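Presented below is the structure to which this report refers.
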Amino acid sequence: MNLNRTPIAVSEAVRRVVSGISPLPVETISYTESYGRILARNLAASMDVPRFDKSAMDGFAIRAKDSRGASGENRITFKVAAEVPAGAASDYELNENEAFRIMTGAPVPKSADAVVMFEQTRQDAGSFSIRRPFEMGENIAIQGEECTVGDIIVSAGTLINPGAVAALATFGYKDVEVYRKPVVGILATGSELVDIDAPLEVGKIRNSNGPMIKSQLQRMNIEPRIYALEADDFETLLLRVQQMLGEVDAIITTGGVSVGDYDHLPKLYEALGAKELFNKVGMRPGSVTTVSMLGSKPMFGLSGNPSACYTGFELFARPAFMKMVGHDRIFAPVLNAVLDGDFKKANPFTRFIRAEIDYREGRVYATPAGFNKSNAVTSIAKSNGIIVLPGGTRGYEKGDGVKVMMTDMTTGIDHFDI
Ligand SMILES: Nc1nc2c(c(=O)[nH]1)N[C@H]1C(S)=C(S)[C@@H](COP(=O)(O)OP(=O)(O)OC[C@H]3O[C@@H](n4cnc5c(N)ncnc54)[C@H](O)[C@@H]3O)O[C@H]1N2
Ligand code: MOO
Ligand SMILES: [Mg+2]
């Protein structure tokens, strides 16, 4: 075993991972199931919106020229000649000082060119009067004012959000082409691991990495395939990983990537003939993260230490899966924040500190989320972001400006701030 691994920079490690990944093939699904998927083709308008000139208000459609000269002293009276409820049309031709009774959303008949709101009239049986002139087009939504046929509404490579689902429905796209989602296999390795129901005998611990990784995948809308816990035995691990390679698009293992006597994953990648992208990164935690490729299938050897495992997933696995599902924005947003704690000791490696990110008066604050060593599990639960402290010769103090990588953009704030 190579004990003297050479660390590479985090940015170089990320580059190596994502440069070897391609989007998966395209599949067609129903628009009702498309929320959260990535569009594989541009979504173009199949018609003008609005498709016809329509009334923007409940009221009366008139010929604007008939309202000329109207005032408080000289009210002009119109006769209601026909009705146009929403969902209907009328081809009645208005004569001078005639009007349609029309509802919001209904097509404005050709012979009318302005709409008067009910509130702007005084009504009598079969007629109404107005006290000011109306301009052509007033209170009418003109055909194509929002978009015209052929306009690109959502580009390929974009997440289908609720608005994109509305666009699919508007333009009649029942079937939508999206990138297939990867099937990701999760294998937690370690002879010390037990499932949640098993007794905790001496030296045993519960498997927390497996369920955590599953949730990290679910957070990005990917359903994983879970494999049973495996002990640190080279031959059985090799057989299991070979089986997984036939069933999944990517493999995440946790544990067994360091230089211990029972850390078999690096040798296993070698035995499979996989291309190792790196086995040491200049970061804490997660320095022993090892990533290999077998053909188009990435194998993420995440560290067994929970915080290192979590961080390795967010830094390397997440952008790779974002690329597989066809996203054109694969990286987590990074914000400038004010550090709310001290890290006085300098460290040559880039440190990633799980943190609570808060927003006060529009500023971003980052507070380390408690016990923050590589083996920490509880601090992950309090974090919605990761503070990035570049390695070097100096430490960091409360109040310093730092970068934070957002891991959870859905956490809100505790007060209404508008
Ligand atoms: N001589 C050296 N020793 C170590 C080095 C080194 O460079 N030289 N690196 C250290 C660092 S850094 C880390 S991180 C760990 C990485 O260890 P492994 O990835 O090989 O993981 P294991 O040895 O299997 O386990 C480490 C630790 O994590 C616990 N664990 C494992 N799996 C799970 C799980 N599914 N759920 C919860 N906890 C888990 C395991 O019990 C161990 O305590 O190596 C250092 N050593
Ligand atoms: O991989 Mo270890 O977590 O650097 O601490
Ligand atoms: Mg180990």
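Labels for the structure tokens follow display order: chains A, B, ..., residues from 1 in each chain, ligands from 1.
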Taking only residues of chain A that have an atom at most 9 Å from an atom of ligand 3, what is each one's shortest atom pair and its distance in Å to one decimal, using only C-alpha atoms and all ligand atoms, in chain and number order, as a tab-separated table?
residue	atom	partner	partner_atom_place_in_ligand_line	distance
A:Gly190	CA	ligand 3	1 (Mg)	8.7
A:Gly255	CA	ligand 3	1 (Mg)	6.3
A:Gly256	CA	ligand 3	1 (Mg)	4.7
A:Val257	CA	ligand 3	1 (Mg)	6.0
A:Ser258	CA	ligand 3	1 (Mg)	4.7
A:Val259	CA	ligand 3	1 (Mg)	6.3
A:Gly260	CA	ligand 3	1 (Mg)	4.9
A:Asp261	CA	ligand 3	1 (Mg)	7.7
A:Tyr262	CA	ligand 3	1 (Mg)	6.7
A:Asp263	CA	ligand 3	1 (Mg)	5.0
A:His264	CA	ligand 3	1 (Mg)	8.7
A:Ser303	CA	ligand 3	1 (Mg)	7.8
A:Gly304	CA	ligand 3	1 (Mg)	7.0
A:Asn305	CA	ligand 3	1 (Mg)	8.7
Keeping C-alpha atoms, export the residues of the selection given above as a short mmCIF file (atom, residue, chain, number, x, y, z; two decimals), in the first residue's frame.
data_model
loop_
_atom_site.label_atom_id
_atom_site.label_comp_id
_atom_site.auth_asym_id
_atom_site.auth_seq_id
_atom_site.Cartn_x
_atom_site.Cartn_y
_atom_site.Cartn_z
CA GLY A 190 -16.74 -1.52 8.40
CA GLY A 255 -15.07 3.88 5.28
CA GLY A 256 -11.93 1.94 4.49
CA VAL A 257 -10.12 4.54 2.38
CA SER A 258 -7.26 5.45 4.70
CA VAL A 259 -4.05 3.51 5.33
CA GLY A 260 -5.25 1.18 8.11
CA ASP A 261 -4.82 -2.61 7.96
CA TYR A 262 -8.49 -3.05 7.05
CA ASP A 263 -8.84 -0.07 4.70
CA HIS A 264 -9.38 -2.07 1.51
CA SER A 303 -14.16 8.54 4.52
CA GLY A 304 -15.76 6.62 7.39
CA ASN A 305 -15.55 9.58 9.75
#
**Report entry** Expected answer as a VMD selection string: helix (DSSP H, G or I) residues in region 140-282 of chain A
**Finding:** chain A and resid 162 to 170 209 to 219 234 to 245 265 to 272
Got time to write the residues from that selection, N, CA and C atoms, as a CSV table (one decimal), in the first residue's frame?
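Dumped to result_38.csv:
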chain,number,residue,atom,x,y,z
A,162,PRO,N,-41.7,25.1,-10.3
A,162,PRO,CA,-43.2,25.2,-10.5
A,162,PRO,C,-43.6,26.0,-11.7
A,163,GLY,N,-42.8,27.1,-11.9
A,163,GLY,CA,-43.1,28.0,-13.1
A,163,GLY,C,-42.9,27.2,-14.4
A,164,ALA,N,-41.9,26.4,-14.5
A,164,ALA,CA,-41.7,25.6,-15.7
A,164,ALA,C,-42.8,24.6,-15.9
A,165,VAL,N,-43.3,24.0,-14.8
A,165,VAL,CA,-44.5,23.1,-14.9
A,165,VAL,C,-45.7,23.9,-15.5
A,166,ALA,N,-45.9,25.1,-15.0
A,166,ALA,CA,-47.0,25.9,-15.5
A,166,ALA,C,-46.8,26.2,-17.0
A,167,ALA,N,-45.6,26.4,-17.4
A,167,ALA,CA,-45.3,26.7,-18.8
A,167,ALA,C,-45.6,25.4,-19.7
A,168,LEU,N,-45.2,24.3,-19.2
A,168,LEU,CA,-45.4,23.0,-19.9
A,168,LEU,C,-47.0,22.9,-20.1
A,169,ALA,N,-47.7,23.1,-19.0
A,169,ALA,CA,-49.2,23.0,-19.1
A,169,ALA,C,-49.8,24.1,-20.1
A,170,THR,N,-49.3,25.3,-20.0
A,170,THR,CA,-49.8,26.4,-20.8
A,170,THR,C,-49.6,26.0,-22.3
A,209,ASN,N,-23.5,6.8,8.5
A,209,ASN,CA,-23.2,7.3,7.2
A,209,ASN,C,-24.1,6.9,6.0
A,210,GLY,N,-24.5,5.6,6.1
A,210,GLY,CA,-25.4,5.1,5.0
A,210,GLY,C,-26.7,5.9,4.9
A,211,PRO,N,-27.4,6.0,6.1
A,211,PRO,CA,-28.7,6.8,6.0
A,211,PRO,C,-28.4,8.3,5.7
A,212,MET,N,-27.3,8.8,6.2
A,212,MET,CA,-27.0,10.3,5.9
A,212,MET,C,-26.8,10.5,4.4
A,213,ILE,N,-26.0,9.6,3.8
A,213,ILE,CA,-25.7,9.7,2.3
A,213,ILE,C,-27.0,9.6,1.6
A,214,LYS,N,-27.9,8.6,2.0
A,214,LYS,CA,-29.2,8.5,1.4
A,214,LYS,C,-29.9,9.8,1.4
A,215,SER,N,-29.9,10.5,2.5
A,215,SER,CA,-30.6,11.8,2.6
A,215,SER,C,-30.0,12.8,1.8
A,216,GLN,N,-28.7,12.8,1.7
A,216,GLN,CA,-28.0,13.8,0.9
A,216,GLN,C,-28.4,13.6,-0.6
A,217,LEU,N,-28.6,12.4,-1.0
A,217,LEU,CA,-29.0,12.1,-2.4
A,217,LEU,C,-30.5,12.6,-2.5
A,218,GLN,N,-31.3,12.3,-1.5
A,218,GLN,CA,-32.7,12.6,-1.6
A,218,GLN,C,-32.8,14.2,-1.6
A,219,ARG,N,-31.9,14.9,-0.9
A,219,ARG,CA,-32.0,16.3,-0.9
A,219,ARG,C,-31.8,16.8,-2.4
A,234,PHE,N,-11.6,-8.1,2.2
A,234,PHE,CA,-11.3,-7.7,0.8
A,234,PHE,C,-12.1,-8.5,-0.2
A,235,GLU,N,-12.1,-9.8,-0.1
A,235,GLU,CA,-12.8,-10.6,-1.2
A,235,GLU,C,-14.3,-10.3,-1.2
A,236,THR,N,-14.9,-10.3,-0.1
A,236,THR,CA,-16.4,-10.1,-0.1
A,236,THR,C,-16.7,-8.6,-0.6
A,237,LEU,N,-15.9,-7.7,-0.2
A,237,LEU,CA,-16.1,-6.3,-0.7
A,237,LEU,C,-15.9,-6.2,-2.2
A,238,LEU,N,-14.9,-6.9,-2.7
A,238,LEU,CA,-14.7,-6.9,-4.2
A,238,LEU,C,-15.9,-7.5,-4.9
A,239,LEU,N,-16.4,-8.6,-4.4
A,239,LEU,CA,-17.5,-9.3,-5.1
A,239,LEU,C,-18.7,-8.3,-5.0
A,240,ARG,N,-18.9,-7.7,-3.9
A,240,ARG,CA,-20.1,-6.8,-3.7
A,240,ARG,C,-20.0,-5.6,-4.7
A,241,VAL,N,-18.8,-5.0,-4.8
A,241,VAL,CA,-18.7,-3.8,-5.6
A,241,VAL,C,-18.8,-4.3,-7.1
A,242,GLN,N,-18.3,-5.5,-7.5
A,242,GLN,CA,-18.5,-5.9,-8.8
A,242,GLN,C,-20.0,-6.1,-9.2
A,243,GLN,N,-20.7,-6.7,-8.2
A,243,GLN,CA,-22.2,-6.8,-8.4
A,243,GLN,C,-22.8,-5.5,-8.6
A,244,MET,N,-22.4,-4.5,-7.7
A,244,MET,CA,-23.0,-3.2,-7.8
A,244,MET,C,-22.8,-2.5,-9.1
A,245,LEU,N,-21.6,-2.7,-9.7
A,245,LEU,CA,-21.2,-2.1,-10.9
A,245,LEU,C,-22.1,-2.5,-12.1
A,265,LEU,N,-10.5,-0.2,0.3
A,265,LEU,CA,-11.0,0.3,-0.9
A,265,LEU,C,-10.0,0.7,-1.9
A,266,PRO,N,-8.9,1.4,-1.5
A,266,PRO,CA,-7.9,1.8,-2.6
A,266,PRO,C,-7.4,0.6,-3.3
A,267,LYS,N,-7.1,-0.6,-2.6
A,267,LYS,CA,-6.6,-1.8,-3.3
A,267,LYS,C,-7.7,-2.3,-4.2
A,268,LEU,N,-8.9,-2.2,-3.7
A,268,LEU,CA,-10.1,-2.8,-4.5
A,268,LEU,C,-10.2,-2.0,-5.8
A,269,TYR,N,-10.1,-0.7,-5.8
A,269,TYR,CA,-10.2,0.0,-7.1
A,269,TYR,C,-9.1,-0.4,-8.0
A,270,GLU,N,-7.9,-0.7,-7.5
A,270,GLU,CA,-6.8,-1.1,-8.3
A,270,GLU,C,-7.1,-2.5,-8.9
A,271,ALA,N,-7.7,-3.4,-8.1
A,271,ALA,CA,-8.0,-4.7,-8.6
A,271,ALA,C,-9.0,-4.7,-9.7
A,272,LEU,N,-9.9,-3.7,-9.6
A,272,LEU,CA,-11.0,-3.6,-10.6
A,272,LEU,C,-10.4,-3.0,-11.9
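Across region 205-278 of chain A, DSSP run on the backbone finds strand (DSSP E) at Ile205, Arg206, Pro224, Arg225, Ile226, Ala250, Ile251, Ile252, Thr253, Thr254, Lys275, Glu276, Leu277 and Phe278 of chain A.
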Query raised in the report: Which residues sit within 8 Å of ligand 2, counting only C-alpha atoms and all ligand atoms, listed as a VMD selection string?
Result: chain A and resid 258 283 to 289 303 305 307 to 309 373 to 375
Take the selection from the previous step and output its residues with C-alpha atoms, as a compact mmCIF listing (two decimals), in the first residue's frame.
# COMPACT_ATOMS: atom_id res chain seq x y z
CA SER A 258 -7.26 5.45 4.70
CA MET A 283 -8.62 19.51 3.03
CA ARG A 284 -9.91 18.83 6.55
CA PRO A 285 -12.04 16.85 7.07
CA GLY A 286 -12.09 14.40 4.18
CA SER A 287 -8.39 14.35 3.30
CA VAL A 288 -8.45 10.64 2.51
CA THR A 289 -11.41 10.86 0.11
CA SER A 303 -14.16 8.54 4.52
CA ASN A 305 -15.55 9.58 9.75
CA SER A 307 -18.08 14.78 9.05
CA ALA A 308 -15.47 13.81 6.47
CA CYS A 309 -18.03 11.59 4.74
CA LYS A 373 -13.74 17.35 14.28
CA SER A 374 -13.65 14.87 11.42
CA ASN A 375 -15.39 12.21 13.54
Query - Separation of CA of Met136 (chain A) from CA of Pro107 (chain A) in Å - result: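 Distance reported for this atom pair: 15.4 Å.
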Which residues come within 8 Å of Tyr179 (chain A), counting only C-alpha atoms, excluding same-chain residues fewer than 3 positions away, as a PDB file with N, CA and C atoms, in the first residue's frame?
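Final output, selection.pdb:
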ATOM      1  N   PRO A  23     -23.719  13.958 -18.921  1.00  0.00           N
ATOM      2  CA  PRO A  23     -25.142  13.775 -18.621  1.00  0.00           C
ATOM      3  C   PRO A  23     -25.609  12.394 -19.082  1.00  0.00           C
ATOM      4  N   LEU A  24     -26.536  11.811 -18.351  1.00  0.00           N
ATOM      5  CA  LEU A  24     -27.090  10.500 -18.699  1.00  0.00           C
ATOM      6  C   LEU A  24     -28.059  10.670 -19.881  1.00  0.00           C
ATOM      7  N   PRO A  25     -28.468   9.549 -20.511  1.00  0.00           N
ATOM      8  CA  PRO A  25     -29.389   9.666 -21.653  1.00  0.00           C
ATOM      9  C   PRO A  25     -30.719  10.323 -21.273  1.00  0.00           C
ATOM     10  N   VAL A  26     -31.418  10.745 -22.323  1.00  0.00           N
ATOM     11  CA  VAL A  26     -32.681  11.472 -22.147  1.00  0.00           C
ATOM     12  C   VAL A  26     -33.840  10.476 -22.079  1.00  0.00           C
ATOM     13  N   GLU A  27     -34.844  10.791 -21.246  1.00  0.00           N
ATOM     14  CA  GLU A  27     -36.067   9.980 -21.222  1.00  0.00           C
ATOM     15  C   GLU A  27     -37.267  10.913 -21.250  1.00  0.00           C
ATOM     16  N   ARG A  37     -36.912  17.848 -12.130  1.00  0.00           N
ATOM     17  CA  ARG A  37     -36.039  17.222 -13.126  1.00  0.00           C
ATOM     18  C   ARG A  37     -35.362  18.306 -13.968  1.00  0.00           C
ATOM     19  N   ILE A  38     -34.468  17.886 -14.871  1.00  0.00           N
ATOM     20  CA  ILE A  38     -33.738  18.856 -15.689  1.00  0.00           C
ATOM     21  C   ILE A  38     -34.182  18.719 -17.141  1.00  0.00           C
ATOM     22  N   LEU A  39     -34.587  19.855 -17.725  1.00  0.00           N
ATOM     23  CA  LEU A  39     -35.052  19.870 -19.117  1.00  0.00           C
ATOM     24  C   LEU A  39     -33.922  19.490 -20.067  1.00  0.00           C
ATOM     25  N   ALA A  40     -34.205  18.581 -21.000  1.00  0.00           N
ATOM     26  CA  ALA A  40     -33.177  18.170 -21.968  1.00  0.00           C
ATOM     27  C   ALA A  40     -33.300  18.925 -23.288  1.00  0.00           C
ATOM     28  N   MET A 324     -24.622  14.624 -14.063  1.00  0.00           N
ATOM     29  CA  MET A 324     -25.279  13.433 -14.631  1.00  0.00           C
ATOM     30  C   MET A 324     -26.743  13.693 -14.958  1.00  0.00           C
ATOM     31  N   VAL A 325     -27.432  14.452 -14.096  1.00  0.00           N
ATOM     32  CA  VAL A 325     -28.853  14.717 -14.357  1.00  0.00           C
ATOM     33  C   VAL A 325     -29.047  15.880 -15.324  1.00  0.00           C
ATOM     34  N   GLY A 326     -27.957  16.414 -15.874  1.00  0.00           N
ATOM     35  CA  GLY A 326     -28.076  17.386 -16.951  1.00  0.00           C
ATOM     36  C   GLY A 326     -28.116  18.841 -16.549  1.00  0.00           C
TER      37      GLY A 326
END
Report task. Rank nothing, just name the residue among A:Thr410, A:Thr254, A:Ser379, A:Thr367 nearest to ligand 1, using only C-alpha atoms and all ligand atoms. Result ->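 For ligand 1, the nearest of the candidates is A:Thr254.
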Query raised in the report: What is the CA of Thr290 (chain A)-atom 6 (C, counted along the ligand's line) of ligand 1 distance in Å, reported with one decimal?
Result: 12.7 Å
Query - Computed interatomic separation between CA of Gly87 (chain A) and CA of Arg132 (chain A) (Å) - result: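 These two atoms are separated by 29.2 Å.
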Requested in this report: Measuring atom to atom with only C-alpha atoms and all ligand atoms, identify which of A:Lys323, A:Lys275, A:Arg394, A:Arg5 is nearest to ligand 1.
Outcome: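 Using only C-alpha atoms and all ligand atoms, ligand 1 sits closest to A:Arg5.
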Requested in this report: Find the spatial neighbours of region 138-141 of chain A, counting only C-alpha atoms, within a cut-off of 7 Å - ignore same-chain residues fewer than 6 positions away - and output them as a PyMOL selection string.
Outcome: chain A and resi 53-57+114-115
Requested in this report: Identify, on the basis of only C-alpha atoms, every residue whose closest approach to Gly282 (chain A) does not exceed 6 Å; exclude the query and any residue fewer than 3 positions from it along the same chain; express the result as a VMD selection string.
Outcome: chain A and resid 7 to 9 349
File of the preceding selection, C-alpha atoms, as a short mmCIF file (atom, residue, chain, number, x, y, z; two decimals), in the first residue's frame:
data_model
loop_
_atom_site.label_atom_id
_atom_site.label_comp_id
_atom_site.auth_asym_id
_atom_site.auth_seq_id
_atom_site.Cartn_x
_atom_site.Cartn_y
_atom_site.Cartn_z
CA PRO A 7 -2.50 15.71 -1.53
CA ILE A 8 -3.95 17.73 -4.37
CA ALA A 9 -5.87 21.01 -4.10
CA PHE A 349 -5.10 22.40 4.63
#
Query raised in the report: If you count only C-alpha atoms, which residues fall within 9 Å of Gly20 (chain A), apart from same-chain ones fewer than 5 positions away, as a PyMOL selection string?
Result: chain A and resi 15+293+296+298+320
Query raised in the report: So which one's closest to ligand 1, A:Ala64, A:Val202, A:Leu277, A:Ala188? Using only C-alpha atoms and all ligand atoms, please.
Result: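 Looking only at the distances to ligand 1, the closest residue turns out to be A:Ala188.
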Report task. Determine, counting only C-alpha atoms, which protein, DNA and RNA residues have an atom within 9 Å of an atom of Tyr359 (chain A); residues of the same chain fewer than 4 positions away are not included. Present the result as a PyMOL selection string. Result -> chain A and resi 363-366+412-413
Could you save those same residues with N, CA and C atoms as an mmCIF file, in the first residue's frame?
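What follows is the written file part17.cif:
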data_model
loop_
_atom_site.group_PDB
_atom_site.id
_atom_site.type_symbol
_atom_site.label_atom_id
_atom_site.label_comp_id
_atom_site.auth_asym_id
_atom_site.auth_seq_id
_atom_site.Cartn_x
_atom_site.Cartn_y
_atom_site.Cartn_z
ATOM 1 N N ARG A 363 -27.488 40.642 5.830
ATOM 2 C CA ARG A 363 -26.107 40.137 5.872
ATOM 3 C C ARG A 363 -26.116 38.665 6.237
ATOM 4 N N VAL A 364 -25.051 37.990 5.823
ATOM 5 C CA VAL A 364 -24.962 36.553 6.055
ATOM 6 C C VAL A 364 -23.966 36.306 7.195
ATOM 7 N N TYR A 365 -24.392 35.538 8.204
ATOM 8 C CA TYR A 365 -23.524 35.201 9.332
ATOM 9 C C TYR A 365 -23.318 33.694 9.367
ATOM 10 N N ALA A 366 -22.107 33.283 9.686
ATOM 11 C CA ALA A 366 -21.799 31.858 9.724
ATOM 12 C C ALA A 366 -21.274 31.490 11.102
ATOM 13 N N GLY A 412 -35.194 28.654 6.339
ATOM 14 C CA GLY A 412 -35.673 30.033 6.313
ATOM 15 C C GLY A 412 -35.074 30.878 7.422
ATOM 16 N N ILE A 413 -35.674 32.024 7.696
ATOM 17 C CA ILE A 413 -35.278 32.848 8.832
ATOM 18 C C ILE A 413 -36.478 32.971 9.762
#
